[in-house]
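**Q** Have a peek at entry09.cif (mmCIF, C-alpha atoms and all ligand atoms).
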data_structure
#
loop_
_atom_site.label_atom_id
_atom_site.label_comp_id
_atom_site.auth_asym_id
_atom_site.auth_seq_id
_atom_site.Cartn_x
_atom_site.Cartn_y
_atom_site.Cartn_z
CA MET A 37 46.95 63.47 39.71
CA ILE A 38 44.93 61.08 37.61
CA TYR A 39 41.50 61.94 36.28
CA LYS A 40 40.70 58.73 34.42
CA ARG A 41 37.31 58.10 35.91
CA SER A 42 36.31 61.80 35.75
CA SER A 43 37.19 61.86 32.05
CA ALA A 44 35.17 58.71 31.40
CA LEU A 45 32.18 60.06 33.33
CA PHE A 46 32.38 63.32 31.43
CA ALA A 47 32.37 61.47 28.10
CA GLU A 48 29.20 59.65 29.20
CA ALA A 49 27.61 62.88 30.45
CA GLU A 50 28.27 64.69 27.17
CA LYS A 51 26.07 62.20 25.34
CA VAL A 52 22.96 63.05 27.32
CA ILE A 53 23.54 66.48 28.90
CA PRO A 54 24.46 69.54 26.79
CA GLY A 55 28.19 70.11 27.28
CA GLY A 56 28.11 67.38 29.92
CA VAL A 57 27.11 69.82 32.67
CA ASN A 58 23.93 71.28 34.12
CA SER A 59 25.45 74.74 34.49
CA PRO A 60 28.06 76.15 32.07
CA VAL A 61 30.47 77.42 34.74
CA ARG A 62 31.21 73.82 35.71
CA ALA A 63 32.73 72.99 32.34
CA PHE A 64 36.42 73.73 31.85
CA LYS A 65 35.82 75.83 28.72
CA GLY A 66 37.83 78.75 30.11
CA VAL A 67 40.86 76.70 31.16
CA GLY A 68 40.88 73.59 28.96
CA GLY A 69 40.69 69.98 30.06
CA THR A 70 37.70 68.05 31.38
CA PRO A 71 35.74 68.80 34.53
CA ILE A 72 36.34 66.83 37.70
CA PHE A 73 33.51 64.66 38.96
CA VAL A 74 32.96 64.83 42.71
CA LYS A 75 32.13 61.78 44.71
CA GLU A 76 31.81 63.30 48.13
CA ALA A 77 33.01 66.16 50.29
CA LYS A 78 33.61 66.87 53.94
CA GLY A 79 34.70 70.10 55.61
CA ALA A 80 37.20 71.94 53.40
CA TYR A 81 37.87 68.98 51.11
CA LEU A 82 36.43 67.47 47.96
CA TYR A 83 37.03 63.82 47.08
CA ASP A 84 36.74 63.12 43.38
CA GLU A 85 35.79 59.96 41.49
CA ASP A 86 39.47 59.05 41.01
CA GLY A 87 40.16 59.22 44.74
CA ASN A 88 42.01 62.56 44.68
CA ARG A 89 41.56 64.93 47.60
CA LEU A 90 41.20 68.60 46.73
CA ILE A 91 41.15 71.67 48.97
CA ASP A 92 38.00 73.46 47.87
CA TYR A 93 38.00 77.23 47.29
CA ILE A 94 34.67 77.28 45.45
CA ASN A 95 32.46 75.64 48.01
CA SER A 96 29.54 75.14 45.67
CA TRP A 97 30.04 78.77 44.52
CA GLY A 98 29.42 80.04 48.02
CA PRO A 99 26.85 78.09 50.00
CA MET A 100 29.20 75.83 51.99
CA ILE A 101 30.50 78.66 54.16
CA LEU A 102 30.88 76.32 57.14
CA GLY A 103 32.30 73.43 55.11
CA HIS A 104 30.85 70.48 53.25
CA ALA A 105 28.46 68.03 54.89
CA HIS A 106 28.25 70.28 57.94
CA GLU A 107 26.56 68.13 60.54
CA PRO A 108 23.80 70.43 61.85
CA VAL A 109 22.70 71.07 58.26
CA VAL A 110 22.83 67.43 57.19
CA ASN A 111 20.97 66.28 60.31
CA ALA A 112 18.24 68.88 59.83
CA VAL A 113 17.67 67.74 56.25
CA VAL A 114 17.66 64.02 57.11
CA GLU A 115 15.19 64.49 59.94
CA LYS A 116 12.88 66.60 57.78
CA ALA A 117 13.01 64.19 54.85
CA LYS A 118 11.58 61.40 56.99
CA LYS A 119 8.44 63.48 57.48
CA GLY A 120 7.70 64.13 53.83
CA THR A 121 9.58 66.07 51.20
CA SER A 122 6.98 68.48 49.81
CA PHE A 123 3.40 69.44 50.52
CA GLY A 124 2.53 72.55 48.56
CA MET A 125 0.93 73.81 51.77
CA PRO A 126 2.23 76.19 54.44
CA THR A 127 4.61 74.80 57.06
CA GLU A 128 5.82 76.29 60.33
CA ILE A 129 9.49 76.11 59.36
CA GLU A 130 8.93 78.69 56.59
CA THR A 131 7.92 81.25 59.23
CA LYS A 132 10.86 80.26 61.45
CA ILE A 133 13.50 80.89 58.78
CA ALA A 134 11.71 84.06 57.64
CA GLU A 135 11.74 85.40 61.22
CA LEU A 136 15.42 84.60 61.58
CA ALA A 137 16.39 86.15 58.24
CA VAL A 138 14.38 89.31 58.99
CA SER A 139 16.08 89.57 62.40
CA MET A 140 19.58 89.23 60.91
CA VAL A 141 19.28 91.54 57.89
CA PRO A 142 18.73 95.30 58.30
CA HIS A 143 15.83 97.18 56.68
CA ILE A 144 13.67 94.20 55.73
CA ASP A 145 10.24 93.37 57.17
CA LYS A 146 9.17 90.50 54.97
CA ILE A 147 10.87 87.88 52.82
CA ARG A 148 9.61 85.56 50.07
CA PHE A 149 11.43 82.27 49.44
CA VAL A 150 12.07 80.92 45.94
CA ASN A 151 14.28 78.17 44.50
CA SER A 152 17.34 79.98 43.14
CA GLY A 153 19.18 83.27 42.99
CA THR A 154 17.98 83.68 39.42
CA GLU A 155 14.37 83.51 40.54
CA ALA A 156 15.04 85.92 43.38
CA CYS A 157 16.53 88.60 41.10
CA MET A 158 13.94 88.08 38.37
CA SER A 159 11.13 88.46 40.89
CA ALA A 160 12.77 91.44 42.60
CA ILE A 161 12.82 93.50 39.40
CA ARG A 162 9.23 92.55 38.58
CA LEU A 163 8.28 93.76 42.04
CA ALA A 164 10.29 96.96 41.56
CA ARG A 165 8.54 97.60 38.25
CA GLY A 166 5.12 96.86 39.70
CA PHE A 167 5.73 99.03 42.74
CA THR A 168 7.10 102.04 40.86
CA GLY A 169 4.99 101.70 37.70
CA LYS A 170 8.15 102.14 35.61
CA ASP A 171 9.72 99.76 33.06
CA LYS A 172 13.46 100.24 32.76
CA ILE A 173 16.22 98.92 34.97
CA ILE A 174 19.89 99.79 35.29
CA LYS A 175 22.45 97.04 35.77
CA PHE A 176 26.24 97.14 35.73
CA ALA A 177 28.49 95.62 33.10
CA GLY A 178 30.06 92.47 34.49
CA CYS A 179 27.47 91.96 37.24
CA TYR A 180 25.55 88.69 37.11
CA HIS A 181 22.02 88.42 38.42
CA GLY A 182 21.08 84.97 37.19
CA HIS A 183 20.08 83.85 33.73
CA SER A 184 16.67 85.46 33.28
CA ASP A 185 16.23 87.41 30.03
CA SER A 186 16.47 90.93 31.44
CA PHE A 187 19.94 90.30 32.85
CA LEU A 188 21.64 88.63 29.90
CA ILE A 189 22.57 91.92 28.38
CA GLN A 190 26.05 92.58 27.12
CA ALA A 191 28.27 95.39 28.19
CA GLY A 192 28.44 97.86 25.31
CA SER A 193 31.44 100.12 25.06
CA GLY A 194 29.45 103.22 25.93
CA ALA A 195 27.61 103.32 29.22
CA SER A 196 24.73 105.29 27.80
CA THR A 197 23.82 103.01 24.89
CA PHE A 198 20.99 100.52 24.96
CA GLY A 199 22.04 97.03 25.81
CA THR A 200 22.10 94.33 23.20
CA PRO A 201 21.28 90.76 24.20
CA ASN A 202 24.30 88.53 24.75
CA SER A 203 22.39 85.32 24.28
CA PRO A 204 20.25 84.25 21.34
CA GLY A 205 16.70 83.88 22.60
CA VAL A 206 16.70 87.17 24.49
CA THR A 207 14.60 89.58 22.47
CA GLN A 208 15.48 93.14 21.54
CA GLY A 209 12.22 94.11 23.21
CA THR A 210 13.48 92.83 26.55
CA ALA A 211 17.01 94.16 26.03
CA LYS A 212 15.84 97.72 25.44
CA ASP A 213 14.56 97.96 29.02
CA THR A 214 17.93 97.03 30.54
CA LEU A 215 20.40 99.92 30.67
CA LEU A 216 24.06 99.33 31.34
CA ALA A 217 26.27 101.38 33.61
CA ASN A 218 29.89 100.86 34.62
CA TYR A 219 30.73 99.52 38.05
CA ASN A 220 32.25 102.11 40.39
CA ASP A 221 31.30 104.88 37.96
CA ILE A 222 28.51 107.05 39.35
CA ASP A 223 28.68 109.39 36.35
CA SER A 224 27.68 106.54 34.04
CA VAL A 225 24.60 106.02 36.22
CA ALA A 226 23.71 109.71 36.30
CA GLU A 227 23.99 109.86 32.53
CA LEU A 228 21.54 106.98 32.07
CA ILE A 229 19.09 108.50 34.50
CA GLY A 230 19.35 111.84 32.73
CA ALA A 231 18.60 110.26 29.36
CA ASN A 232 15.69 108.16 30.67
CA LYS A 233 13.96 110.51 33.07
CA LYS A 234 11.09 108.98 35.05
CA GLU A 235 11.43 105.64 33.26
CA ILE A 236 13.76 103.78 35.62
CA ALA A 237 12.19 101.44 38.17
CA CYS A 238 15.34 100.20 39.85
CA ILE A 239 19.10 99.92 39.89
CA ILE A 240 20.29 96.39 40.59
CA ILE A 241 23.84 95.81 41.75
CA GLU A 242 26.11 93.28 43.39
CA PRO A 243 27.23 95.49 46.32
CA VAL A 244 30.54 93.65 46.14
CA ALA A 245 30.89 92.35 42.61
CA GLY A 246 31.78 88.68 42.52
CA ASN A 247 31.08 87.62 38.97
CA MET A 248 33.98 89.43 37.29
CA GLY A 249 36.33 88.22 39.95
CA CYS A 250 35.97 90.01 43.26
CA ILE A 251 35.58 93.77 42.86
CA PRO A 252 34.82 95.91 45.90
CA PRO A 253 32.75 99.08 45.67
CA LYS A 254 35.04 102.12 45.82
CA GLY A 255 34.80 104.87 48.46
CA ASN A 256 31.35 106.44 48.37
CA PHE A 257 30.04 104.60 45.32
CA LEU A 258 27.22 102.74 47.10
CA LYS A 259 26.30 105.82 49.09
CA GLU A 260 26.10 107.89 45.92
CA LEU A 261 23.89 105.24 44.35
CA ARG A 262 21.55 105.47 47.33
CA LEU A 263 21.38 109.25 46.96
CA ILE A 264 20.77 109.19 43.23
CA CYS A 265 18.00 106.61 43.72
CA ASP A 266 16.34 108.76 46.38
CA ALA A 267 16.53 111.86 44.20
CA ASN A 268 14.89 110.10 41.25
CA ASN A 269 12.33 107.85 42.91
CA ILE A 270 14.25 104.73 41.87
CA LEU A 271 14.47 101.59 44.00
CA LEU A 272 17.92 100.34 44.92
CA VAL A 273 18.12 96.55 44.62
CA PHE A 274 21.09 94.81 46.26
CA ASP A 275 21.76 91.43 44.74
CA GLU A 276 23.25 89.80 47.83
CA VAL A 277 23.09 86.28 46.42
CA MET A 278 26.85 86.01 47.03
CA THR A 279 27.37 88.53 49.81
CA GLY A 280 24.28 87.80 51.91
CA PHE A 281 25.06 85.88 55.12
CA ARG A 282 28.71 85.77 53.95
CA LEU A 283 30.20 89.23 54.54
CA ALA A 284 28.23 89.77 57.76
CA LYS A 285 24.97 88.62 59.32
CA GLY A 286 23.29 91.47 57.51
CA GLY A 287 25.41 91.15 54.36
CA ALA A 288 26.76 94.13 52.45
CA GLN A 289 24.00 96.39 53.77
CA GLU A 290 25.45 95.92 57.24
CA LEU A 291 29.10 95.98 56.17
CA TYR A 292 28.81 99.26 54.25
CA GLY A 293 25.92 100.81 56.20
CA ILE A 294 23.82 101.26 53.09
CA HIS A 295 20.07 100.80 53.04
CA ALA A 296 18.79 98.91 49.99
CA ASP A 297 15.10 98.85 49.07
CA ILE A 298 14.98 95.25 47.90
CA VAL A 299 17.56 92.58 48.75
CA CYS A 300 18.06 89.29 46.88
CA PHE A 301 19.49 86.16 48.45
CA GLY A 302 20.67 82.73 47.33
CA LYS A 303 23.66 80.47 47.92
CA VAL A 304 24.37 80.58 51.71
CA ILE A 305 20.69 81.07 52.61
CA GLY A 306 19.92 77.54 51.43
CA GLY A 307 22.81 75.80 53.17
CA GLY A 308 23.52 73.90 49.94
CA LEU A 309 19.94 73.20 48.92
CA PRO A 310 18.20 75.09 46.11
CA VAL A 311 16.98 78.28 47.80
CA GLY A 312 16.73 81.91 46.86
CA ALA A 313 14.78 84.74 48.49
CA PHE A 314 13.98 88.41 48.12
CA ALA A 315 13.06 90.80 50.85
CA ALA A 316 12.07 94.42 51.47
CA ARG A 317 10.08 96.67 53.78
CA ASN A 318 6.33 96.01 54.22
CA GLU A 319 5.19 98.69 51.83
CA ILE A 320 7.03 97.00 48.95
CA MET A 321 6.52 93.36 49.90
CA ASN A 322 2.77 93.87 50.30
CA TYR A 323 2.67 94.50 46.54
CA LEU A 324 3.24 90.77 46.02
CA ALA A 325 0.46 88.26 45.37
CA PRO A 326 -1.69 87.18 47.12
CA GLU A 327 -1.58 90.45 49.12
CA GLY A 328 -0.94 92.70 46.13
CA PRO A 329 -1.04 92.72 42.34
CA VAL A 330 2.49 91.58 41.40
CA TYR A 331 2.36 87.87 40.64
CA GLN A 332 5.06 85.45 41.79
CA ALA A 333 4.71 81.78 42.72
CA GLY A 334 6.46 78.39 43.05
CA THR A 335 5.35 74.77 43.52
CA LEU A 336 8.46 73.93 45.52
CA SER A 337 9.06 77.38 47.05
CA GLY A 338 9.62 77.08 50.80
CA ASN A 339 10.26 73.37 50.37
CA PRO A 340 10.68 71.75 53.81
CA LEU A 341 14.09 70.17 53.11
CA ALA A 342 15.42 73.42 51.68
CA MET A 343 14.04 75.42 54.60
CA ALA A 344 15.50 72.94 57.12
CA ALA A 345 18.96 73.28 55.56
CA GLY A 346 18.67 77.06 55.37
CA LEU A 347 17.39 77.40 58.92
CA ALA A 348 20.19 75.22 60.30
CA MET A 349 22.77 77.25 58.37
CA LEU A 350 21.44 80.67 59.35
CA SER A 351 21.06 79.58 62.99
CA GLU A 352 24.74 78.60 63.10
CA LEU A 353 25.80 81.90 61.53
CA ASN A 354 23.54 83.83 63.88
CA THR A 355 24.81 82.23 67.08
CA ASP A 356 28.54 82.09 66.26
CA ASP A 357 29.59 85.68 66.97
CA LYS A 358 33.08 85.24 65.60
CA VAL A 359 32.43 83.35 62.39
CA PHE A 360 32.60 86.29 59.97
CA LYS A 361 35.68 87.67 61.73
CA ARG A 362 37.40 84.28 61.56
CA LEU A 363 36.58 83.94 57.87
CA ALA A 364 37.89 87.42 57.10
CA GLU A 365 41.10 86.72 59.04
CA LYS A 366 41.73 83.48 57.17
CA THR A 367 41.15 85.26 53.88
CA GLU A 368 43.49 88.09 54.83
CA TYR A 369 46.15 85.52 55.75
CA LEU A 370 45.78 83.85 52.36
CA HIS A 371 45.87 87.25 50.64
CA LYS A 372 49.11 88.30 52.33
CA GLY A 373 50.73 84.93 51.72
CA MET A 374 49.81 84.81 48.04
CA PHE A 375 50.78 88.45 47.52
CA LYS A 376 54.24 87.79 48.89
CA VAL A 377 55.01 84.68 46.84
CA LEU A 378 53.57 86.11 43.60
CA ASN A 379 55.58 89.29 44.15
CA ASP A 380 58.75 87.38 44.99
CA ASN A 381 58.35 85.58 41.68
CA GLY A 382 57.69 88.77 39.74
CA ILE A 383 54.17 87.80 38.62
CA ALA A 384 52.06 90.82 37.64
CA HIS A 385 48.84 90.52 39.60
CA THR A 386 46.18 92.27 41.65
CA ILE A 387 44.43 90.58 44.55
CA ASN A 388 40.99 91.88 45.51
CA ARG A 389 39.37 90.84 48.76
CA VAL A 390 36.33 91.62 50.88
CA GLY A 391 35.58 89.42 53.89
CA SER A 392 35.83 85.82 52.71
CA MET A 393 35.61 86.66 49.01
CA ILE A 394 38.94 86.94 47.21
CA SER A 395 40.34 86.72 43.71
CA VAL A 396 43.70 86.88 42.00
CA HIS A 397 43.56 88.95 38.81
CA PHE A 398 46.61 88.52 36.61
CA ALA A 399 46.55 92.21 35.76
CA LYS A 400 49.11 94.65 37.11
CA ASP A 401 46.80 97.66 37.47
CA GLU A 402 43.89 98.19 39.81
CA VAL A 403 40.81 96.10 38.91
CA PHE A 404 37.65 98.09 39.64
CA ASP A 405 35.18 97.33 36.83
CA PHE A 406 34.54 94.95 33.96
CA SER A 407 36.99 96.48 31.52
CA THR A 408 39.87 96.48 34.01
CA ALA A 409 39.00 92.89 34.98
CA ALA A 410 39.04 91.90 31.31
CA LYS A 411 42.65 93.10 31.04
CA GLY A 412 43.84 90.13 33.10
CA ASN A 413 46.15 87.68 31.36
CA ASN A 414 44.04 84.61 30.65
CA ASP A 415 46.96 82.41 29.63
CA THR A 416 48.59 83.02 32.97
CA PHE A 417 45.32 82.21 34.68
CA LYS A 418 44.97 78.92 32.78
CA ALA A 419 48.46 77.84 33.74
CA PHE A 420 47.83 78.94 37.33
CA PHE A 421 44.55 76.99 37.50
CA HIS A 422 46.08 73.75 36.24
CA GLY A 423 49.16 74.25 38.40
CA MET A 424 47.05 74.66 41.52
CA LEU A 425 44.97 71.65 40.55
CA SER A 426 48.10 69.53 40.23
CA HIS A 427 48.81 70.40 43.87
CA GLY A 428 45.31 69.35 44.93
CA ILE A 429 43.77 72.81 45.11
CA TYR A 430 40.48 73.53 43.42
CA ILE A 431 39.73 77.12 42.41
CA ALA A 432 37.03 78.18 39.95
CA PRO A 433 37.84 77.21 36.34
CA SER A 434 37.48 80.81 35.15
CA ALA A 435 39.48 84.00 35.64
CA PHE A 436 36.21 85.86 36.25
CA GLU A 437 35.20 84.05 39.41
CA THR A 438 35.67 84.76 43.08
CA TRP A 439 37.09 82.25 45.53
CA PHE A 440 34.86 81.58 48.53
CA LEU A 441 36.57 80.56 51.73
CA THR A 442 34.98 78.19 54.19
CA ASP A 443 35.41 78.27 57.94
CA ALA A 444 36.41 74.60 57.74
CA LEU A 445 39.79 75.65 56.28
CA THR A 446 42.67 75.39 58.74
CA TYR A 447 45.79 77.55 58.76
CA GLU A 448 47.64 74.41 57.67
CA ASP A 449 45.43 74.28 54.57
CA LEU A 450 46.16 77.95 53.93
CA ASP A 451 49.92 77.47 54.34
CA TYR A 452 49.79 74.49 51.99
CA THR A 453 47.89 76.65 49.48
CA ILE A 454 50.36 79.55 49.72
CA ASN A 455 53.23 77.12 49.26
CA ALA A 456 51.50 75.69 46.19
CA VAL A 457 51.08 79.21 44.78
CA HIS A 458 54.81 79.69 45.32
CA LYS A 459 55.64 76.51 43.39
CA VAL A 460 53.19 77.29 40.60
CA ALA A 461 54.40 80.90 40.34
CA LYS A 462 57.90 79.62 39.50
CA THR A 463 56.45 77.87 36.45
CA LEU A 464 54.40 80.81 35.12
C1 LIG B 1 24.88 82.98 41.70
C2 LIG B 1 24.31 84.31 41.54
C3 LIG B 1 23.01 84.51 41.06
C4 LIG B 1 22.18 83.39 40.51
O1 LIG B 1 21.84 82.45 41.46
P1 LIG B 1 21.45 80.96 40.98
O2 LIG B 1 21.06 80.27 42.25
O3 LIG B 1 22.63 80.40 40.31
O4 LIG B 1 20.29 81.10 40.05
C5 LIG B 1 22.50 85.79 41.06
N1 LIG B 1 23.23 86.83 41.51
C6 LIG B 1 24.48 86.67 41.97
C7 LIG B 1 25.21 87.86 42.49
C8 LIG B 1 25.06 85.42 41.99
O5 LIG B 1 26.33 85.29 42.41
#
Starting from the file, lay out its structure as structure tokens.

**A**
Amino acid sequence: MIYKRSSALFAEAEKVIPGGVNSPVRAFKGVGGTPIFVKEAKGAYLYDEDGNRLIDYINSWGPMILGHAHEPVVNAVVEKAKKGTSFGMPTEIETKIAELAVSMVPHIDKIRFVNSGTEACMSAIRLARGFTGKDKIIKFAGCYHGHSDSFLIQAGSGASTFGTPNSPGVTQGTAKDTLLANYNDIDSVAELIGANKKEIACIIIEPVAGNMGCIPPKGNFLKELRLICDANNILLVFDEVMTGFRLAKGGAQELYGIHADIVCFGKVIGGGLPVGAFAARNEIMNYLAPEGPVYQAGTLSGNPLAMAAGLAMLSELNTDDKVFKRLAEKTEYLHKGMFKVLNDNGIAHTINRVGSMISVHFAKDEVFDFSTAAKGNNDTFKAFFHGMLSHGIYIAPSAFETWFLTDALTYEDLDYTINAVHKVAKTL
């Protein structure tokens, strides 16, 4: 494949945009080479500026669960745009999507819409702190909750040490209120709670981790988190920015039967427009301004175009009873196919999968937390990435990302992909 025009566009972009991209994950820093510029997309396929067609396994990092340029979503946005693009005043459609979201997701009474997953998580922990009157939060090493200061805290080696910022610009003062536990390790959580009695407002977690590759919660881990939160008057915050409206109508809460106190959304909820949201029971949500004392606001929050896209998307997911089952079946098919050809070629790997989230870790042992994910062979991943790309298959340009399947994928696409994995595996 030729990437002449993409390379030229990237060179232009680098002059006026830091690193040539508006979000670091889009750059090819982890795999080498220059990023591909997209011209348009339809269904399961991307078409780049050089005229190449790529099967897309990123899908805008999740939102395009029904495929690109999905007609009901596009039509809803176009129709809305003709009537004005922003008012900064209440509109009926905000209530409509709120009602639908509250009906689909368990244990939530009210929802507040924002513009990104970052904003949702940032606001959720402010609300948790305001509601509980406590300052500290626990997060898990390797979990991503957006780029707000409190979450950019590095995994230390010991679970019970204070976090240190992993970006310049995040102050020690902020970092000291974020405690780090290890994913799938309830003892690391108990230890932190023991050492910081009555100081912890909330535990925030990706109920299925997706930002260190896909890592499912083990056995009773989520249940034990719920119990430890109850016993210590700590709120449990599920960051369902990836899993919400993807794993089930009611997200991971529904899939695992666990009741979270606050739930964060993004990605799918906006149908490809910039939307995030956070939700909880009345008692908690009524703490938010203008009803309560915790301040949170947004000029473009609940934007009509964004709400139209989100409402169209959620309506489709709500009425199509089989969509999540179909997605999970396609993903299982891909899993089995890839497992076989990688095994046949003697490639050490571990595939993790939940619903339509899947990732191939080039590590031979079980991957269940950040340190086991970090053991993956990055050179193998780089070669795999570029090999797949040469066959017209676009996966995330980082070993620490999940693939997101879209319902627009056909079994032919999946067979083509498995065959490509087979060919690439021979070269690894
Ligand atoms: C993507 C993501 C976020 C951040 O959402 P943005 O819309 O990129 O700000 C937060 N949490 C999780 C789990 C995510 O995957």

**Q** Around ligand LIG 1 (chain B), which protein and nucleic acid residues have at least one atom no more than 10 Å from it, if we count all atoms listed in the file? List them as a PDB file with C-alpha atoms, in the frame of the given file.

**A**
ATOM      1  CA  SER A  59      25.450  74.740  34.490  1.00  0.00           C
ATOM      2  CA  SER A  96      29.540  75.140  45.670  1.00  0.00           C
ATOM      3  CA  TRP A  97      30.040  78.770  44.520  1.00  0.00           C
ATOM      4  CA  GLY A  98      29.420  80.040  48.020  1.00  0.00           C
ATOM      5  CA  PRO A  99      26.850  78.090  50.000  1.00  0.00           C
ATOM      6  CA  VAL A 150      12.070  80.920  45.940  1.00  0.00           C
ATOM      7  CA  ASN A 151      14.280  78.170  44.500  1.00  0.00           C
ATOM      8  CA  SER A 152      17.340  79.980  43.140  1.00  0.00           C
ATOM      9  CA  GLY A 153      19.180  83.270  42.990  1.00  0.00           C
ATOM     10  CA  THR A 154      17.980  83.680  39.420  1.00  0.00           C
ATOM     11  CA  GLU A 155      14.370  83.510  40.540  1.00  0.00           C
ATOM     12  CA  ALA A 156      15.040  85.920  43.380  1.00  0.00           C
ATOM     13  CA  CYS A 157      16.530  88.600  41.100  1.00  0.00           C
ATOM     14  CA  MET A 158      13.940  88.080  38.370  1.00  0.00           C
ATOM     15  CA  CYS A 179      27.470  91.960  37.240  1.00  0.00           C
ATOM     16  CA  TYR A 180      25.550  88.690  37.110  1.00  0.00           C
ATOM     17  CA  HIS A 181      22.020  88.420  38.420  1.00  0.00           C
ATOM     18  CA  GLY A 182      21.080  84.970  37.190  1.00  0.00           C
ATOM     19  CA  HIS A 183      20.080  83.850  33.730  1.00  0.00           C
ATOM     20  CA  SER A 184      16.670  85.460  33.280  1.00  0.00           C
ATOM     21  CA  PHE A 187      19.940  90.300  32.850  1.00  0.00           C
ATOM     22  CA  ILE A 241      23.840  95.810  41.750  1.00  0.00           C
ATOM     23  CA  GLU A 242      26.110  93.280  43.390  1.00  0.00           C
ATOM     24  CA  PRO A 243      27.230  95.490  46.320  1.00  0.00           C
ATOM     25  CA  VAL A 244      30.540  93.650  46.140  1.00  0.00           C
ATOM     26  CA  ALA A 245      30.890  92.350  42.610  1.00  0.00           C
ATOM     27  CA  GLY A 246      31.780  88.680  42.520  1.00  0.00           C
ATOM     28  CA  ASN A 247      31.080  87.620  38.970  1.00  0.00           C
ATOM     29  CA  PHE A 274      21.090  94.810  46.260  1.00  0.00           C
ATOM     30  CA  ASP A 275      21.760  91.430  44.740  1.00  0.00           C
ATOM     31  CA  GLU A 276      23.250  89.800  47.830  1.00  0.00           C
ATOM     32  CA  VAL A 277      23.090  86.280  46.420  1.00  0.00           C
ATOM     33  CA  MET A 278      26.850  86.010  47.030  1.00  0.00           C
ATOM     34  CA  THR A 279      27.370  88.530  49.810  1.00  0.00           C
ATOM     35  CA  GLY A 280      24.280  87.800  51.910  1.00  0.00           C
ATOM     36  CA  CYS A 300      18.060  89.290  46.880  1.00  0.00           C
ATOM     37  CA  PHE A 301      19.490  86.160  48.450  1.00  0.00           C
ATOM     38  CA  GLY A 302      20.670  82.730  47.330  1.00  0.00           C
ATOM     39  CA  LYS A 303      23.660  80.470  47.920  1.00  0.00           C
ATOM     40  CA  GLY A 306      19.920  77.540  51.430  1.00  0.00           C
ATOM     41  CA  LEU A 309      19.940  73.200  48.920  1.00  0.00           C
ATOM     42  CA  PRO A 310      18.200  75.090  46.110  1.00  0.00           C
ATOM     43  CA  VAL A 311      16.980  78.280  47.800  1.00  0.00           C
ATOM     44  CA  GLY A 312      16.730  81.910  46.860  1.00  0.00           C
ATOM     45  CA  ALA A 313      14.780  84.740  48.490  1.00  0.00           C
ATOM     46  CA  GLU A 437      35.200  84.050  39.410  1.00  0.00           C
ATOM     47  CA  THR A 438      35.670  84.760  43.080  1.00  0.00           C
TER      48      THR A 438
END

**Q** Between A:Val138, A:Ala461, A:Leu425, A:Asp443, which one has atoms that come closest to Asn381 of chain A, using only C-alpha atoms?

**A**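 Ranking A:Val138, A:Ala461, A:Leu425, A:Asp443 by distance to Asn381 of chain A, first place goes to A:Ala461.
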
**Q** Would you please work out which residue, of A:Ser139, A:Pro326, A:Leu341, A:Asn232, is nearest to Thr121 of chain A when using only C-alpha atoms?

**A**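 Answer, going by the shortest atom-to-atom distance: A:Leu341.
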
**Q** So, with all atoms listed in the file as the atoms that count, which of A:His104, A:Ile94, A:Gly287, A:Leu271 lies closest to Ile174 of chain A?

**A**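 When distances to Ile174 of chain A are compared using all atoms listed in the file, the smallest one comes from A:Leu271.
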
**Q** Report, in Å to a single decimal, how far apart atom CA of Ala409 of chain A and atom CA of Gly255 of chain A are.

**A**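 Computing the Euclidean distance for atom CA of Gly255 of chain A and atom CA of Ala409 of chain A yields 18.5 Å.
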
**Q** Using only C-alpha atoms, can you tell me which of A:Gly79, A:Pro204, A:Pro329, A:Pro252 comes closest to Arg165 of chain A?

**A**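 Of A:Gly79, A:Pro204, A:Pro329, A:Pro252, the one nearest Arg165 of chain A is A:Pro329, counting only C-alpha atoms.
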
**Q** Using only C-alpha atoms for the distances, tell me which of A:Ser434, A:Asn269, A:Ser395, A:Thr367 is nearest to Ala419 of chain A.

**A** A:Ser434

**Q** Kindly indicate which residue among A:Leu228, A:Val57, A:Ala160, A:Val67 lies nearest to Phe421 of chain A, using only C-alpha atoms for the distances.

**A**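 Between A:Leu228, A:Val57, A:Ala160, A:Val67, the residue approaching Phe421 of chain A most closely is A:Val67.
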
**Q** Give me, as a PyMOL selection string, all polymer residues having an atom no more than 9 Å from Met343 of chain A, counting all atoms listed in the file and skipping those fewer than 4 positions away in the same chain.

**A** chain A and resi 113+129-130+132-133+149+305-307+309+311+338-339+347-348

**Q** Between atom CA of Ala134 of chain A and atom CA of Val359 of chain A, measure the distance and give it in Å to one decimal.

**A** 21.3 Å

**Q** Would you mind putting N, CA and C atoms back on segment 421-425 of chain A and writing the result as a tab-separated table (two decimals), in the frame of the given file?

**A**
chain	number	residue	atom	x	y	z
A	421	PHE	N	45.63	77.92	37.13
A	421	PHE	CA	44.55	76.99	37.50
A	421	PHE	C	45.04	75.54	37.48
A	422	HIS	N	45.65	75.15	36.36
A	422	HIS	CA	46.08	73.75	36.24
A	422	HIS	C	47.23	73.44	37.19
A	423	GLY	N	48.08	74.43	37.43
A	423	GLY	CA	49.16	74.25	38.40
A	423	GLY	C	48.60	74.00	39.79
A	424	MET	N	47.65	74.82	40.19
A	424	MET	CA	47.05	74.66	41.52
A	424	MET	C	46.36	73.30	41.63
A	425	LEU	N	45.67	72.94	40.57
A	425	LEU	CA	44.97	71.65	40.55
A	425	LEU	C	45.95	70.50	40.75
